[in-house]
Amino acid sequence: MRAMGLVLGMVMAGILLAGCTISSTDLLIAPEHLATPLPAAFALTPYKSEDGTLYLADREAGARAFKLEDGAYVSEDGSLALRFEAREAEGFTVAASSPDGEHLYGWGTISGDILVLEMILDNPEDAIALLAEAEARGETRAAAAAIEATPDGIRVSDPQGLALVISWVAEGALRAEPMVVHVGREGETAPESIAQEGDSWRAQ
């Protein structure tokens, strides 16, 4: 859970690092592909795991306000922007961007007011084997050229490469640790805990 807490801290604080993540120096989600599945204004509240149930990490310091600006959800202090691109599967490519131009990517799913982000990779080098398998089948050569996988993370350089890597995360071939946050509208109190039910999550 330490890795999940690290990225959750990065997302909530707007500090984006490239270690054990999917990242790029240029934003790889085009403006015309942006989706806006969340409310125009909301607060994200992080949770920590204990015995299979998620509990509020810190009610006072945890919530972070966002608002919709030009297709992106921007934090109140401007230190973080979240962008969503709808995928054919029931989920989204999510980009978390800092003002200095660093972008992290992951797979996002939404269950009611619960947002699950899969951004911290268990083993980025799994992508090397996945690339080799795809190339052996004569697939995705152009996309493969845009992907660099190392023990520290995966760097992508074009949207085609990003789409391929995110498809692996969505399918579970490239494992990532889920971060669960509550999306609260103005005046709404975040639930004390969240429990997983199958592939979805429910506030308690």
# chains A, B, ... in the order shown; residues from 1 in each chain; ligands from 1

call {"tool": "residues_around", "arguments": {"residues": "Glu186 in chain A", "least_positions_apart": "6", "cutoff": "10 Å", "atoms": "only C-alpha atoms", "output": "VMD selection string"}}
result
chain A and resid 39 41 to 43 65

call {"tool": "write_last_selection", "arguments": {"atoms": "N, CA and C atoms", "output": "mmCIF file, in the first residue's frame"}}
result
data_model
loop_
_atom_site.group_PDB
_atom_site.id
_atom_site.type_symbol
_atom_site.label_atom_id
_atom_site.label_comp_id
_atom_site.auth_asym_id
_atom_site.auth_seq_id
_atom_site.Cartn_x
_atom_site.Cartn_y
_atom_site.Cartn_z
ATOM 1 N N PRO A 39 -18.683 15.898 -12.120
ATOM 2 C CA PRO A 39 -19.376 17.182 -11.987
ATOM 3 C C PRO A 39 -18.454 18.351 -12.342
ATOM 4 N N ALA A 41 -17.838 20.909 -10.640
ATOM 5 C CA ALA A 41 -17.071 21.276 -9.445
ATOM 6 C C ALA A 41 -17.228 20.158 -8.422
ATOM 7 N N PHE A 42 -16.136 19.777 -7.798
ATOM 8 C CA PHE A 42 -16.189 18.678 -6.831
ATOM 9 C C PHE A 42 -14.935 18.704 -5.971
ATOM 10 N N ALA A 43 -14.930 17.842 -4.953
ATOM 11 C CA ALA A 43 -13.752 17.653 -4.106
ATOM 12 C C ALA A 43 -13.383 16.179 -4.102
ATOM 13 N N ALA A 65 -10.261 20.424 -3.868
ATOM 14 C CA ALA A 65 -11.296 20.957 -4.747
ATOM 15 C C ALA A 65 -10.813 21.047 -6.192
#

call {"tool": "residues_around", "arguments": {"residues": "Ala40 in chain A", "least_positions_apart": "5", "cutoff": "9 Å", "atoms": "only C-alpha atoms", "output": "ChimeraX atom specification"}}
result
/A:66-69,73,185

call {"tool": "atom_distance", "arguments": {"atom1": "CA of Gly172 in chain A", "atom2": "CA of Trp201 in chain A"}}
result
17.7 Å

call {"tool": "residues_around", "arguments": {"residues": "Val94 in chain A", "least_positions_apart": "2", "cutoff": "12 Å", "atoms": "only C-alpha atoms", "output": "NGL selection string"}}
result
:A and (11 or 22-23 or 27-29 or 33-37 or 72-73 or 81-87 or 91-92 or 96-97 or 103-110 or 115-119 or 162-163 or 166 or 169-170)

call {"tool": "write_last_selection", "arguments": {"atoms": "C-alpha atoms", "output": "mmCIF file, in the first residue's frame"}}
result
data_model
loop_
_atom_site.group_PDB
_atom_site.id
_atom_site.type_symbol
_atom_site.label_atom_id
_atom_site.label_comp_id
_atom_site.auth_asym_id
_atom_site.auth_seq_id
_atom_site.Cartn_x
_atom_site.Cartn_y
_atom_site.Cartn_z
ATOM 1 C CA VAL A 11 -2.281 13.248 -7.215
ATOM 2 C CA ILE A 22 3.103 5.669 -17.380
ATOM 3 C CA SER A 23 4.332 9.138 -18.304
ATOM 4 C CA LEU A 27 0.084 15.703 -23.321
ATOM 5 C CA LEU A 28 -1.177 12.786 -25.405
ATOM 6 C CA ILE A 29 -4.935 13.319 -25.091
ATOM 7 C CA HIS A 33 -11.190 13.577 -27.399
ATOM 8 C CA LEU A 34 -11.736 14.945 -23.903
ATOM 9 C CA ALA A 35 -14.629 13.559 -21.866
ATOM 10 C CA THR A 36 -16.168 15.197 -18.787
ATOM 11 C CA PRO A 37 -17.670 12.368 -16.691
ATOM 12 C CA ALA A 72 -9.916 19.530 -17.801
ATOM 13 C CA TYR A 73 -10.621 19.277 -14.078
ATOM 14 C CA ALA A 81 -5.175 18.998 -13.954
ATOM 15 C CA LEU A 82 -7.083 15.763 -14.574
ATOM 16 C CA ARG A 83 -8.214 14.892 -18.093
ATOM 17 C CA PHE A 84 -10.372 11.971 -19.222
ATOM 18 C CA GLU A 85 -10.612 10.230 -22.589
ATOM 19 C CA ALA A 86 -13.406 7.693 -23.041
ATOM 20 C CA ARG A 87 -12.353 4.194 -24.124
ATOM 21 C CA GLY A 91 -13.623 3.331 -18.453
ATOM 22 C CA PHE A 92 -11.279 6.170 -19.305
ATOM 23 C CA ALA A 96 -2.790 13.823 -14.398
ATOM 24 C CA SER A 97 -0.736 16.868 -15.394
ATOM 25 C CA HIS A 103 1.977 13.992 -17.437
ATOM 26 C CA LEU A 104 1.051 10.711 -15.750
ATOM 27 C CA TYR A 105 -1.510 8.303 -17.194
ATOM 28 C CA GLY A 106 -3.707 5.530 -15.932
ATOM 29 C CA TRP A 107 -6.958 3.640 -16.305
ATOM 30 C CA GLY A 108 -9.974 5.161 -14.571
ATOM 31 C CA THR A 109 -13.411 3.764 -13.783
ATOM 32 C CA ILE A 110 -16.350 5.452 -12.077
ATOM 33 C CA LEU A 115 -13.424 7.136 -8.853
ATOM 34 C CA VAL A 116 -10.842 4.354 -9.147
ATOM 35 C CA LEU A 117 -7.492 5.244 -10.733
ATOM 36 C CA GLU A 118 -4.948 2.600 -11.720
ATOM 37 C CA MET A 119 -1.679 4.523 -12.137
ATOM 38 C CA LEU A 162 -0.446 5.384 -24.925
ATOM 39 C CA ALA A 163 -3.616 3.649 -26.120
ATOM 40 C CA ILE A 166 -3.640 1.696 -21.294
ATOM 41 C CA VAL A 169 -3.834 -1.923 -17.834
ATOM 42 C CA ALA A 170 -7.579 -2.069 -18.546
#
